[in-house]
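Raw upload_11.csv, CSV, C-alpha atoms and all ligand atoms:
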chain,number,residue,atom,x,y,z
A,1,MET,CA,-28.1,16.8,26.3
A,2,ALA,CA,-25.7,17.9,23.6
A,3,PRO,CA,-24.6,15.0,21.3
A,4,SER,CA,-21.2,13.7,22.0
A,5,ILE,CA,-18.2,14.3,19.7
A,6,HIS,CA,-18.4,10.7,18.6
A,7,THR,CA,-22.1,11.0,17.6
A,8,LEU,CA,-21.4,14.3,15.7
A,9,ILE,CA,-18.6,12.6,13.7
A,10,ALA,CA,-20.7,9.5,12.9
A,11,ASP,CA,-23.7,11.6,11.9
A,12,ARG,CA,-21.7,13.7,9.6
A,13,ILE,CA,-20.2,10.7,7.8
A,14,ASP,CA,-23.7,9.2,7.4
A,15,THR,CA,-24.9,12.6,5.9
A,16,VAL,CA,-22.2,12.4,3.3
A,17,GLY,CA,-22.4,8.7,2.8
A,18,ASP,CA,-24.1,8.9,-0.7
A,19,GLU,CA,-21.6,11.4,-1.9
A,20,LEU,CA,-18.7,9.2,-0.7
A,21,ALA,CA,-20.2,6.2,-2.5
A,22,LYS,CA,-20.5,8.2,-5.7
A,23,ILE,CA,-16.8,9.2,-5.5
A,24,SER,CA,-15.7,5.7,-4.7
A,25,ARG,CA,-17.6,4.4,-7.7
A,26,ALA,CA,-16.3,7.1,-10.0
A,27,ILE,CA,-12.7,6.4,-9.1
A,28,HIS,CA,-13.4,2.6,-9.5
A,29,ALA,CA,-14.8,3.2,-13.0
A,30,GLN,CA,-11.7,5.1,-14.1
A,31,PRO,CA,-8.7,3.1,-12.8
A,32,GLU,CA,-5.3,4.8,-13.1
A,33,LEU,CA,-1.8,3.3,-12.7
A,34,ALA,CA,0.8,4.4,-10.2
A,35,PHE,CA,2.0,8.0,-10.5
A,36,LYS,CA,-0.7,8.7,-13.1
A,37,GLU,CA,-3.7,9.0,-10.8
A,38,TYR,CA,-4.9,12.4,-12.2
A,39,PHE,CA,-8.6,11.8,-12.2
A,40,ALA,CA,-8.6,10.4,-8.7
A,41,CYS,CA,-6.5,13.2,-7.3
A,42,GLU,CA,-8.8,15.8,-8.9
A,43,THR,CA,-12.0,14.1,-7.8
A,44,LEU,CA,-10.8,13.8,-4.2
A,45,THR,CA,-9.5,17.4,-4.0
A,46,ASP,CA,-12.6,18.8,-5.7
A,47,ALA,CA,-14.7,17.1,-3.0
A,48,LEU,CA,-12.4,18.6,-0.3
A,49,LYS,CA,-12.9,22.1,-1.8
A,50,ARG,CA,-16.7,21.7,-1.8
A,51,HIS,CA,-16.4,20.9,1.9
A,52,GLY,CA,-14.4,24.0,2.9
A,53,PHE,CA,-10.8,22.5,2.7
A,54,THR,CA,-7.9,24.1,0.9
A,55,PRO,CA,-6.1,21.0,-0.5
A,56,GLN,CA,-2.6,21.3,-2.1
A,57,THR,CA,-1.6,19.0,-4.9
A,58,GLY,CA,1.8,17.9,-6.2
A,59,VAL,CA,3.1,17.8,-2.6
A,60,PHE,CA,6.2,16.0,-1.4
A,61,THR,CA,7.7,15.5,-4.9
A,62,LEU,CA,4.8,13.6,-6.4
A,63,GLU,CA,2.5,15.2,-9.0
A,64,THR,CA,-0.6,13.2,-8.0
A,65,ALA,CA,-0.1,13.5,-4.3
A,66,PHE,CA,-2.2,15.9,-2.2
A,67,GLU,CA,-2.7,17.2,1.3
A,68,ALA,CA,-5.5,18.8,3.2
A,69,GLN,CA,-5.4,19.9,6.8
A,70,ILE,CA,-7.8,20.4,9.7
A,71,ASN,CA,-6.1,22.6,12.2
A,72,SER,CA,-7.7,22.8,15.7
A,73,PRO,CA,-7.6,26.0,17.6
A,74,GLN,CA,-6.4,23.9,20.5
A,75,GLU,CA,-3.0,22.4,21.1
A,76,GLY,CA,-2.7,18.7,20.4
A,77,PRO,CA,-1.1,15.9,18.5
A,78,THR,CA,-1.2,15.4,14.7
A,79,VAL,CA,-2.8,12.4,13.0
A,80,ALA,CA,-2.2,11.6,9.3
A,81,ILE,CA,-5.0,9.8,7.5
A,82,LEU,CA,-3.8,8.3,4.2
A,83,ALA,CA,-5.5,7.9,0.9
A,84,GLU,CA,-4.3,5.5,-1.8
A,85,TYR,CA,-5.9,5.5,-5.2
A,86,ASP,CA,-3.8,3.7,-7.8
A,87,ALA,CA,-5.0,0.6,-9.7
A,88,LEU,CA,-3.5,-2.4,-11.3
A,89,PRO,CA,-2.7,-3.0,-15.0
A,90,GLY,CA,-5.4,-4.9,-16.8
A,91,ILE,CA,-7.6,-5.7,-13.7
A,92,GLY,CA,-8.5,-2.2,-12.6
A,93,HIS,CA,-9.3,-1.6,-8.9
A,94,ALA,CA,-8.6,-5.3,-7.9
A,95,CYS,CA,-6.9,-3.9,-4.8
A,96,GLY,CA,-9.9,-1.6,-4.0
A,97,HIS,CA,-7.9,1.6,-3.5
A,98,ASN,CA,-11.0,3.5,-4.5
A,99,ILE,CA,-12.3,2.4,-1.1
A,100,ILE,CA,-9.2,3.4,0.7
A,101,ALA,CA,-9.2,6.9,-0.8
A,102,THR,CA,-12.9,7.5,-0.1
A,103,ALA,CA,-12.8,6.2,3.4
A,104,ALA,CA,-10.0,8.6,4.2
A,105,LEU,CA,-11.9,11.5,2.6
A,106,GLY,CA,-15.0,10.5,4.7
A,107,ALA,CA,-12.9,10.4,7.9
A,108,ALA,CA,-11.6,13.9,7.2
A,109,LEU,CA,-15.2,15.2,6.6
A,110,GLY,CA,-16.3,13.6,9.8
A,111,LEU,CA,-13.5,15.2,11.8
A,112,LYS,CA,-14.0,18.6,10.2
A,113,ALA,CA,-17.4,18.7,11.8
A,114,VAL,CA,-15.8,18.8,15.3
A,115,GLN,CA,-12.8,20.8,14.4
A,116,GLU,CA,-13.4,23.5,17.0
A,117,VAL,CA,-13.7,21.1,19.9
A,118,LEU,CA,-11.0,18.4,19.1
A,119,PRO,CA,-7.6,19.0,20.6
A,120,GLY,CA,-5.5,17.8,17.7
A,121,HIS,CA,-4.7,18.3,14.1
A,122,VAL,CA,-5.5,16.2,11.1
A,123,ARG,CA,-3.6,15.8,7.8
A,124,LEU,CA,-5.3,14.0,5.0
A,125,ILE,CA,-2.5,12.9,2.7
A,126,GLY,CA,-3.1,11.5,-0.8
A,127,THR,CA,-0.4,9.0,-1.4
A,128,PRO,CA,0.0,7.8,-5.0
A,129,ALA,CA,1.8,4.7,-6.3
A,130,GLU,CA,1.3,2.0,-3.7
A,131,GLU,CA,1.2,-0.9,-6.3
A,132,ARG,CA,4.7,-0.1,-7.5
A,133,GLY,CA,7.2,2.6,-7.0
A,134,GLY,CA,6.7,3.1,-3.2
A,135,GLY,CA,5.0,6.5,-3.2
A,136,LYS,CA,4.9,6.7,0.5
A,137,GLU,CA,8.6,6.1,0.9
A,138,LEU,CA,9.3,8.8,-1.7
A,139,MET,CA,7.0,11.2,0.1
A,140,ALA,CA,8.5,10.3,3.5
A,141,ARG,CA,12.0,11.1,2.3
A,142,ALA,CA,10.6,14.5,1.3
A,143,GLY,CA,9.3,15.0,4.9
A,144,ALA,CA,5.6,14.0,4.5
A,145,PHE,CA,5.4,12.4,7.9
A,146,ASP,CA,7.6,14.7,9.9
A,147,GLY,CA,5.8,15.9,13.0
A,148,VAL,CA,3.1,13.2,12.7
A,149,ASP,CA,2.2,11.4,15.9
A,150,ALA,CA,0.1,8.6,14.4
A,151,ALA,CA,-0.8,7.5,10.9
A,152,MET,CA,-3.7,5.4,9.6
A,153,MET,CA,-5.4,4.0,6.6
A,154,ILE,CA,-7.8,1.1,5.9
A,155,HIS,CA,-7.5,-1.5,3.2
A,156,PRO,CA,-10.4,-3.6,1.7
A,157,ALA,CA,-10.2,-7.4,1.9
A,158,GLY,CA,-12.2,-10.6,2.2
A,159,VAL,CA,-12.2,-10.4,6.0
A,160,ASN,CA,-12.0,-7.8,8.8
A,161,LEU,CA,-8.6,-7.7,10.4
A,162,ALA,CA,-7.0,-5.2,12.8
A,163,SER,CA,-3.8,-5.4,10.9
A,164,MET,CA,-2.4,-6.9,7.7
A,165,PRO,CA,0.0,-9.9,7.5
A,166,CYS,CA,2.8,-8.2,5.8
A,167,ILE,CA,6.4,-8.9,4.6
A,168,CYS,CA,9.1,-6.8,2.9
A,169,VAL,CA,9.6,-6.6,-0.8
A,170,ALA,CA,12.3,-5.5,-3.1
A,171,GLU,CA,11.6,-5.0,-6.8
A,172,VAL,CA,14.3,-5.8,-9.4
A,173,GLN,CA,14.4,-5.5,-13.2
A,174,VAL,CA,17.0,-7.3,-15.2
A,175,VAL,CA,18.3,-6.8,-18.7
A,176,TYR,CA,20.4,-9.5,-20.5
A,177,HIS,CA,22.5,-8.3,-23.4
A,178,GLY,CA,23.6,-10.9,-25.9
A,179,LYS,CA,24.3,-10.8,-29.7
A,180,SER,CA,21.8,-11.6,-32.4
A,181,ALA,CA,22.5,-14.0,-35.3
A,182,HIS,CA,20.6,-16.3,-37.6
A,183,ALA,CA,19.5,-19.1,-35.2
A,184,SER,CA,19.9,-21.8,-37.8
A,185,ALA,CA,22.5,-20.6,-40.3
A,186,MET,CA,25.0,-19.1,-37.8
A,187,PRO,CA,24.1,-19.9,-34.2
A,188,HIS,CA,27.7,-20.0,-33.3
A,189,LYS,CA,27.9,-16.3,-34.0
A,190,GLY,CA,25.2,-15.5,-31.5
A,191,ILE,CA,25.1,-14.9,-27.7
A,192,ASN,CA,21.6,-15.9,-26.5
A,193,ALA,CA,20.1,-13.4,-24.1
A,194,LEU,CA,17.1,-15.6,-23.5
A,195,ASP,CA,19.4,-18.4,-22.3
A,196,GLY,CA,20.9,-15.9,-19.8
A,197,LEU,CA,17.5,-15.0,-18.4
A,198,LEU,CA,16.3,-18.6,-18.3
A,199,LEU,CA,19.4,-19.8,-16.5
A,200,ALA,CA,18.8,-17.1,-13.9
A,201,TYR,CA,15.1,-18.1,-13.7
A,202,GLN,CA,16.1,-21.7,-13.1
A,203,ALA,CA,18.7,-20.8,-10.6
A,204,ILE,CA,16.0,-18.7,-8.7
A,205,SER,CA,13.6,-21.7,-8.9
A,206,ASN,CA,16.3,-23.9,-7.3
A,207,LEU,CA,17.1,-21.2,-4.7
A,208,ARG,CA,13.4,-21.2,-3.6
A,209,GLN,CA,13.9,-24.7,-2.1
A,210,HIS,CA,16.4,-23.3,0.3
A,211,ILE,CA,14.8,-20.1,1.6
A,212,ARG,CA,12.6,-19.5,4.6
A,213,SER,CA,8.9,-20.3,4.4
A,214,SER,CA,8.2,-16.6,5.0
A,215,GLU,CA,10.2,-15.6,1.9
A,216,ARG,CA,9.1,-15.4,-1.7
A,217,ILE,CA,10.8,-14.8,-5.1
A,218,HIS,CA,8.6,-14.5,-8.1
A,219,GLY,CA,9.0,-12.9,-11.5
A,220,ILE,CA,8.0,-12.7,-15.2
A,221,ILE,CA,9.8,-12.4,-18.5
A,222,THR,CA,8.8,-9.1,-20.0
A,223,GLN,CA,10.8,-9.4,-23.2
A,224,GLY,CA,11.9,-12.8,-24.5
A,225,GLY,CA,13.1,-12.2,-28.0
A,226,ASP,CA,11.6,-11.1,-31.4
A,227,ALA,CA,11.5,-14.2,-33.6
A,228,PRO,CA,12.5,-17.9,-33.3
A,229,ASN,CA,15.0,-17.5,-36.1
A,230,ILE,CA,16.9,-14.7,-34.4
A,231,VAL,CA,19.1,-15.4,-31.5
A,232,PRO,CA,17.7,-13.0,-28.9
A,233,ASN,CA,20.1,-10.1,-28.3
A,234,GLN,CA,18.2,-8.6,-25.4
A,235,THR,CA,15.7,-10.0,-22.9
A,236,THR,CA,14.2,-8.4,-19.8
A,237,GLY,CA,12.5,-9.7,-16.7
A,238,GLU,CA,10.9,-8.3,-13.5
A,239,PHE,CA,11.1,-10.0,-10.1
A,240,TYR,CA,9.9,-9.4,-6.6
A,241,VAL,CA,12.0,-10.6,-3.6
A,242,ARG,CA,10.2,-10.8,-0.3
A,243,ALA,CA,11.3,-11.5,3.3
A,244,ALA,CA,9.7,-11.2,6.7
A,245,ASN,CA,11.9,-8.2,7.7
A,246,GLU,CA,14.5,-5.8,6.5
A,247,LYS,CA,17.4,-7.9,7.9
A,248,ASP,CA,16.3,-11.1,6.2
A,249,LEU,CA,15.6,-9.2,2.9
A,250,ALA,CA,19.2,-7.8,3.1
A,251,LYS,CA,20.5,-11.3,3.2
A,252,LEU,CA,18.2,-12.7,0.5
A,253,LYS,CA,18.9,-10.0,-2.1
A,254,PRO,CA,22.6,-10.9,-2.8
A,255,ARG,CA,21.5,-14.6,-3.2
A,256,VAL,CA,19.1,-13.5,-5.9
A,257,GLN,CA,21.7,-11.2,-7.4
A,258,ALA,CA,24.0,-14.3,-7.6
A,259,CYS,CA,21.4,-16.1,-9.7
A,260,PHE,CA,21.2,-13.2,-12.2
A,261,ASP,CA,25.0,-13.1,-12.4
A,262,ALA,CA,25.1,-16.9,-12.9
A,263,GLY,CA,22.7,-16.5,-15.9
A,264,ALA,CA,25.1,-14.1,-17.4
A,265,THR,CA,28.2,-16.2,-16.8
A,266,GLY,CA,26.6,-19.4,-18.1
A,267,SER,CA,25.4,-17.8,-21.3
A,268,GLY,CA,28.2,-15.4,-22.0
A,269,CYS,CA,25.8,-12.4,-21.8
A,270,LYS,CA,26.2,-9.2,-19.9
A,271,VAL,CA,23.5,-8.4,-17.4
A,272,ASP,CA,22.2,-5.2,-15.8
A,273,VAL,CA,20.5,-5.8,-12.5
A,274,ASN,CA,18.4,-2.8,-11.6
A,275,TRP,CA,17.2,-2.9,-8.0
A,276,ALA,CA,14.4,-0.4,-7.3
A,277,ASN,CA,15.4,2.6,-5.3
A,278,VAL,CA,12.7,1.8,-2.7
A,279,ASP,CA,12.2,-1.4,-0.8
A,280,TYR,CA,8.8,-1.9,0.9
A,281,LEU,CA,9.1,-2.7,4.6
A,282,ASP,CA,7.0,-5.1,6.7
A,283,LEU,CA,4.2,-3.5,8.8
A,284,ASN,CA,5.2,-2.4,12.3
A,285,THR,CA,1.6,-2.3,13.6
A,286,ASN,CA,0.9,-0.1,16.6
A,287,TRP,CA,-1.4,-2.4,18.6
A,288,PRO,CA,-2.9,0.1,21.0
A,289,LEU,CA,-4.2,2.1,18.1
A,290,ALA,CA,-5.2,-1.0,16.0
A,291,ASP,CA,-7.2,-2.4,19.0
A,292,GLN,CA,-9.0,1.0,19.3
A,293,PHE,CA,-9.8,0.8,15.6
A,294,ARG,CA,-11.0,-2.8,16.0
A,295,ARG,CA,-13.4,-1.8,18.9
A,296,HIS,CA,-15.0,0.9,16.7
A,297,GLY,CA,-15.2,-1.6,13.8
A,298,GLU,CA,-16.9,-4.1,16.1
A,299,ASN,CA,-19.4,-1.4,17.3
A,300,LEU,CA,-20.3,-1.0,13.6
A,301,GLY,CA,-21.2,-4.7,13.5
A,302,ARG,CA,-18.1,-6.1,12.0
A,303,LYS,CA,-16.5,-9.3,13.2
A,304,PHE,CA,-12.7,-9.3,13.2
A,305,VAL,CA,-10.6,-12.4,12.6
A,306,PRO,CA,-8.0,-12.8,15.4
A,307,PHE,CA,-4.7,-11.6,13.9
A,308,GLU,CA,-3.0,-14.9,14.9
A,309,GLN,CA,-5.3,-16.7,12.5
A,310,ALA,CA,-4.6,-14.2,9.8
A,311,LEU,CA,-1.4,-15.6,8.4
A,312,LYS,CA,-3.4,-18.4,6.7
A,313,PHE,CA,-4.7,-15.8,4.3
A,314,GLY,CA,-1.1,-15.2,3.2
A,315,ALA,CA,1.1,-12.1,3.5
A,316,GLY,CA,1.3,-9.2,1.1
A,317,SER,CA,3.4,-6.0,1.1
A,318,THR,CA,2.6,-2.3,1.4
A,319,ASP,CA,4.5,0.9,1.4
A,320,MET,CA,2.5,1.7,4.6
A,321,GLY,CA,5.2,-0.5,6.1
A,322,ASN,CA,7.8,2.3,5.4
A,323,VAL,CA,5.5,4.8,7.2
A,324,SER,CA,5.1,2.4,10.2
A,325,TYR,CA,8.8,2.5,10.9
A,326,ARG,CA,8.8,6.3,11.0
A,327,VAL,CA,5.6,7.0,13.0
A,328,PRO,CA,3.1,4.9,15.0
A,329,SER,CA,0.8,3.4,12.3
A,330,ILE,CA,-2.1,1.1,11.6
A,331,HIS,CA,-3.3,-0.6,8.4
A,332,PRO,CA,-6.5,-2.5,9.3
A,333,MET,CA,-8.5,-4.5,6.7
A,334,LEU,CA,-12.2,-4.3,6.1
A,335,ALA,CA,-14.3,-7.0,4.4
A,336,VAL,CA,-15.9,-6.0,1.1
A,337,ALA,CA,-16.0,-9.5,-0.4
A,338,PRO,CA,-16.4,-13.1,0.8
A,339,PRO,CA,-13.3,-14.6,2.4
A,340,GLN,CA,-12.3,-16.8,-0.5
A,341,VAL,CA,-12.1,-13.8,-2.9
A,342,VAL,CA,-8.5,-12.6,-3.0
A,343,ILE,CA,-7.2,-9.1,-3.9
A,344,HIS,CA,-5.4,-8.7,-7.2
A,345,ASN,CA,-8.0,-10.9,-8.8
A,346,PRO,CA,-10.7,-9.5,-11.2
A,347,GLU,CA,-13.4,-10.9,-9.0
A,348,PHE,CA,-12.3,-8.5,-6.3
A,349,THR,CA,-12.6,-5.6,-8.7
A,350,GLN,CA,-16.3,-6.3,-8.9
A,351,TRP,CA,-16.6,-6.3,-5.1
A,352,ALA,CA,-14.6,-3.0,-4.8
A,353,GLY,CA,-17.4,-1.3,-6.8
A,354,SER,CA,-20.3,-3.0,-5.0
A,355,GLU,CA,-22.6,-1.9,-2.2
A,356,LYS,CA,-20.4,-3.9,0.2
A,357,GLY,CA,-17.6,-1.7,-1.0
A,358,ASP,CA,-19.7,1.5,-0.3
A,359,GLN,CA,-20.4,0.1,3.2
A,360,ALA,CA,-16.7,-0.3,3.9
A,361,VAL,CA,-16.1,3.3,2.9
A,362,VAL,CA,-18.6,4.5,5.5
A,363,ASP,CA,-17.4,2.1,8.2
A,364,GLY,CA,-13.8,2.8,7.5
A,365,ALA,CA,-14.4,6.5,7.6
A,366,LYS,CA,-16.2,6.2,10.9
A,367,ALA,CA,-13.7,3.8,12.5
A,368,MET,CA,-10.7,6.0,11.5
A,369,ALA,CA,-12.3,9.3,12.6
A,370,LEU,CA,-13.5,7.9,15.9
A,371,THR,CA,-10.1,6.3,16.6
A,372,THR,CA,-8.5,9.7,15.8
A,373,ALA,CA,-10.9,11.4,18.2
A,374,ASP,CA,-10.0,8.9,20.9
A,375,PHE,CA,-6.4,9.6,20.3
A,376,PHE,CA,-6.9,13.4,20.6
A,377,LEU,CA,-9.0,13.1,23.7
A,378,SER,CA,-7.1,10.5,25.7
A,379,LYS,CA,-3.7,11.3,27.0
A,380,PRO,CA,-3.3,7.6,28.3
A,381,LEU,CA,-3.9,6.4,24.7
A,382,GLN,CA,-1.4,8.8,23.3
A,383,GLN,CA,1.2,7.5,25.8
A,384,GLN,CA,0.4,3.8,25.1
A,385,VAL,CA,0.7,4.5,21.3
A,386,LYS,CA,4.1,6.3,21.8
A,387,GLN,CA,5.4,3.6,24.2
A,388,ALA,CA,4.4,0.7,21.9
A,389,TYR,CA,6.2,2.5,19.0
A,390,GLU,CA,9.3,3.1,21.1
A,391,ILE,CA,9.4,-0.5,22.3
A,392,SER,CA,9.0,-1.7,18.6
A,393,GLN,CA,12.0,0.4,17.6
A,394,GLY,CA,14.1,-0.7,20.6
A,395,LEU,CA,14.1,2.8,21.9
A,396,CYS,CA,13.0,1.9,25.4
A,401,ZN,ZN,-3.7,-2.4,-2.0
A,402,ZN,ZN,-2.5,-4.2,-4.2
Please re-express this file's structure in structure tokens.
Amino acid sequence: MAPSIHTLIADRIDTVGDELAKISRAIHAQPELAFKEYFACETLTDALKRHGFTPQTGVFTLETAFEAQINSPQEGPTVAILAEYDALPGIGHACGHNIIATAALGAALGLKAVQEVLPGHVRLIGTPAEERGGGKELMARAGAFDGVDAAMMIHPAGVNLASMPCICVAEVQVVYHGKSAHASAMPHKGINALDGLLLAYQAISNLRQHIRSSERIHGIITQGGDAPNIVPNQTTGEFYVRAANEKDLAKLKPRVQACFDAGATGSGCKVDVNWANVDYLDLNTNWPLADQFRRHGENLGRKFVPFEQALKFGAGSTDMGNVSYRVPSIHPMLAVAPPQVVIHNPEFTQWAGSEKGDQAVVDGAKAMALTTADFFLSKPLQQQVKQAYEISQGLC
């Protein structure tokens, strides 16, 4: 009996397992920040070329983005598999995007092995700048997800989860402009830009008592002055404002803006409040597809935490949220570390470059490729995915 499509995919991914682990470790060893992921982009596209793909780089307006396609000779839907590969300042791959990228590569290699027999098309899309800047939203505005019937990626974590607890986030940078003077001899001649920022910080701290438990406002001072004996003439800060959904975020942003304005009024400074051009949306998980992914994950020996229990792990944000409101999408999490180890912590960086990380690359590649194969082969699944998306969008 000829091996099934599923067996062919899984066998292919096992065959390239060592190569995938090597690539994951190489990207891990050379962390790059958002929009500057040159090494990762080149490493991934070089691997694709070795395996018979013709990847394009610099696609959809971003220099370090790429795309590679698997076009079936048969008619069928299109699935996008997404690769993130940016890291964090100071703590490297503490979000494990090396694993995301390499699992996506592995899924594409697995699916290429059955290209002739699968009725559907695959687009492997390299999406830079997840940690800041909203790369996927920028690419989406340039048409990256037009014509896509389903999109997926995996994310490493401390537990296995079919989706990620996720809230919206808006990034904002503020600049207070005051007037410098000798802080002892002539303080009355100065306008203190640090006072402006601290008044705003305090106002935000007070506001936190009166927002929903699903909302977050947090920030840092990036420039606080030059010397104690100079009244600061310019200070800067960066803040994130988070809410459960786009509507709540739209209501929260003006309240935070008012805190910044209050800082300026109280101190006599001028303030520039620069809201980022991209807000990250919450995740609109496509559950028929997420459940299919979870089943494949379970077949690989992974135990998934029920999603209802997942909120106790806290909610983050991802620009995959923006994709999920455009096309049916999933963003499952795969364990690479013990549950108490949190992402964006240096301890997680270690796990992202460990054998457990390598295992998540192979498991993630298989579960995504097999879910994609199911989607191509099952018209009922295609309909369920489409219907769930339409219901979520209020379209039916
Ligand atoms: Zn991440
Ligand atoms: Zn992250």
Quiz prompt | Pick from A:Ala262, A:Ile343, A:Ala360, A:Met153, whichever lies nearest to ligand ZN 402 (chain A) using all atoms listed in the file | solution = A:Ile343
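For the residues A:Pro165, A:Gly110, A:Gly190, A:Pro254, ranking by smallest atom-to-atom distance to Asp282 in chain A using only C-alpha atoms places A:Pro165 first.
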Quiz item: Could you pull the residues within 12 Å of Glu390 in chain A, counting only C-alpha atoms, minus those fewer than 6 positions along the same chain, as a list of chain:residue names?
Solution: A:Asn284, A:Asn286, A:Ser324, A:Tyr325, A:Arg326, A:Val327, A:Pro328, A:Gln383, A:Gln384, A:Cys396
Practice problem: Check which residues fall inside 8 Å of ligand ZN 402 (chain A) when counting only C-alpha atoms and all ligand atoms, and print them as a ChimeraX atom specification. | Solution: /A:87-88,94-97,130-131,318,343-344
Practice problem: Dump the neighbourhood of ligand ZN 401 (chain A) as a PyMOL selection string: all residues within 12 Å, distances computed on only C-alpha atoms and all ligand atoms. | Solution: chain A and resi 34+83-88+92-101+127-132+134+153-157+164+166+316-320+331-334+342-345+348-349+352
May I have the protein, DNA and RNA residues with any atom at most 12 Å from the point (-10.1, 8.6, 24.2), counting only C-alpha atoms, written as a PDB file with C-alpha atoms, keeping the file's coordinate frame?
ATOM      1  CA  ILE A   5     -18.200  14.300  19.700  1.00  0.00           C
ATOM      2  CA  HIS A   6     -18.400  10.700  18.600  1.00  0.00           C
ATOM      3  CA  LEU A 118     -11.000  18.400  19.100  1.00  0.00           C
ATOM      4  CA  PRO A 119      -7.600  19.000  20.600  1.00  0.00           C
ATOM      5  CA  PRO A 288      -2.900   0.100  21.000  1.00  0.00           C
ATOM      6  CA  LEU A 289      -4.200   2.100  18.100  1.00  0.00           C
ATOM      7  CA  GLN A 292      -9.000   1.000  19.300  1.00  0.00           C
ATOM      8  CA  PHE A 293      -9.800   0.800  15.600  1.00  0.00           C
ATOM      9  CA  HIS A 296     -15.000   0.900  16.700  1.00  0.00           C
ATOM     10  CA  ALA A 369     -12.300   9.300  12.600  1.00  0.00           C
ATOM     11  CA  LEU A 370     -13.500   7.900  15.900  1.00  0.00           C
ATOM     12  CA  THR A 371     -10.100   6.300  16.600  1.00  0.00           C
ATOM     13  CA  THR A 372      -8.500   9.700  15.800  1.00  0.00           C
ATOM     14  CA  ALA A 373     -10.900  11.400  18.200  1.00  0.00           C
ATOM     15  CA  ASP A 374     -10.000   8.900  20.900  1.00  0.00           C
ATOM     16  CA  PHE A 375      -6.400   9.600  20.300  1.00  0.00           C
ATOM     17  CA  PHE A 376      -6.900  13.400  20.600  1.00  0.00           C
ATOM     18  CA  LEU A 377      -9.000  13.100  23.700  1.00  0.00           C
ATOM     19  CA  SER A 378      -7.100  10.500  25.700  1.00  0.00           C
ATOM     20  CA  LYS A 379      -3.700  11.300  27.000  1.00  0.00           C
ATOM     21  CA  PRO A 380      -3.300   7.600  28.300  1.00  0.00           C
ATOM     22  CA  LEU A 381      -3.900   6.400  24.700  1.00  0.00           C
ATOM     23  CA  GLN A 382      -1.400   8.800  23.300  1.00  0.00           C
ATOM     24  CA  GLN A 383       1.200   7.500  25.800  1.00  0.00           C
ATOM     25  CA  GLN A 384       0.400   3.800  25.100  1.00  0.00           C
ATOM     26  CA  VAL A 385       0.700   4.500  21.300  1.00  0.00           C
TER      27      VAL A 385
END
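When the distance limit is 12 Å and all atoms listed in the file are what count, the residues near range 221-228 of chain A, minus those fewer than 5 positions from it on the same chain, are Gln173, Val174, Val175, Tyr176, His177, Gly178, Lys179, Ser180, Ala181, His182, Ala183, Ser184, Pro187, Asn192, Ala193, Leu194, Asp195, Gly196, Leu197, Leu198, Ala200, Tyr201, Asn233, Gln234, Thr235, Thr236, Gly237, Glu238 and Phe239 of chain A.
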Please return range 266-277 of chain A, rebuilt to N, CA and C atoms, as a compact mmCIF listing (two decimals), in the coordinates of the input.
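Written out: part33.txt:
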# COMPACT_ATOMS: atom_id res chain seq x y z
N GLY A 266 26.91 -18.13 -17.35
CA GLY A 266 26.60 -19.40 -18.10
C GLY A 266 26.37 -19.18 -19.55
N SER A 267 25.80 -18.04 -19.90
CA SER A 267 25.40 -17.80 -21.30
C SER A 267 26.35 -16.93 -22.06
N GLY A 268 27.26 -16.32 -21.35
CA GLY A 268 28.20 -15.40 -22.00
C GLY A 268 27.59 -14.02 -22.26
N CYS A 269 26.43 -13.76 -21.64
CA CYS A 269 25.80 -12.40 -21.80
C CYS A 269 26.36 -11.44 -20.79
N LYS A 270 25.94 -10.21 -20.98
CA LYS A 270 26.20 -9.20 -19.90
C LYS A 270 24.78 -8.96 -19.30
N VAL A 271 24.77 -8.63 -18.02
CA VAL A 271 23.50 -8.40 -17.40
C VAL A 271 23.50 -7.07 -16.60
N ASP A 272 22.41 -6.31 -16.71
CA ASP A 272 22.20 -5.20 -15.80
C ASP A 272 21.13 -5.55 -14.84
N VAL A 273 21.46 -5.47 -13.57
CA VAL A 273 20.50 -5.80 -12.50
C VAL A 273 20.11 -4.49 -11.83
N ASN A 274 18.87 -4.08 -12.06
CA ASN A 274 18.40 -2.80 -11.60
C ASN A 274 17.50 -2.94 -10.37
N TRP A 275 18.05 -2.88 -9.18
CA TRP A 275 17.20 -2.90 -8.00
C TRP A 275 16.50 -1.62 -7.80
N ALA A 276 15.21 -1.66 -7.44
CA ALA A 276 14.40 -0.40 -7.30
C ALA A 276 15.05 0.40 -6.13
N ASN A 277 14.82 1.66 -6.25
CA ASN A 277 15.40 2.60 -5.30
C ASN A 277 14.63 2.54 -3.95
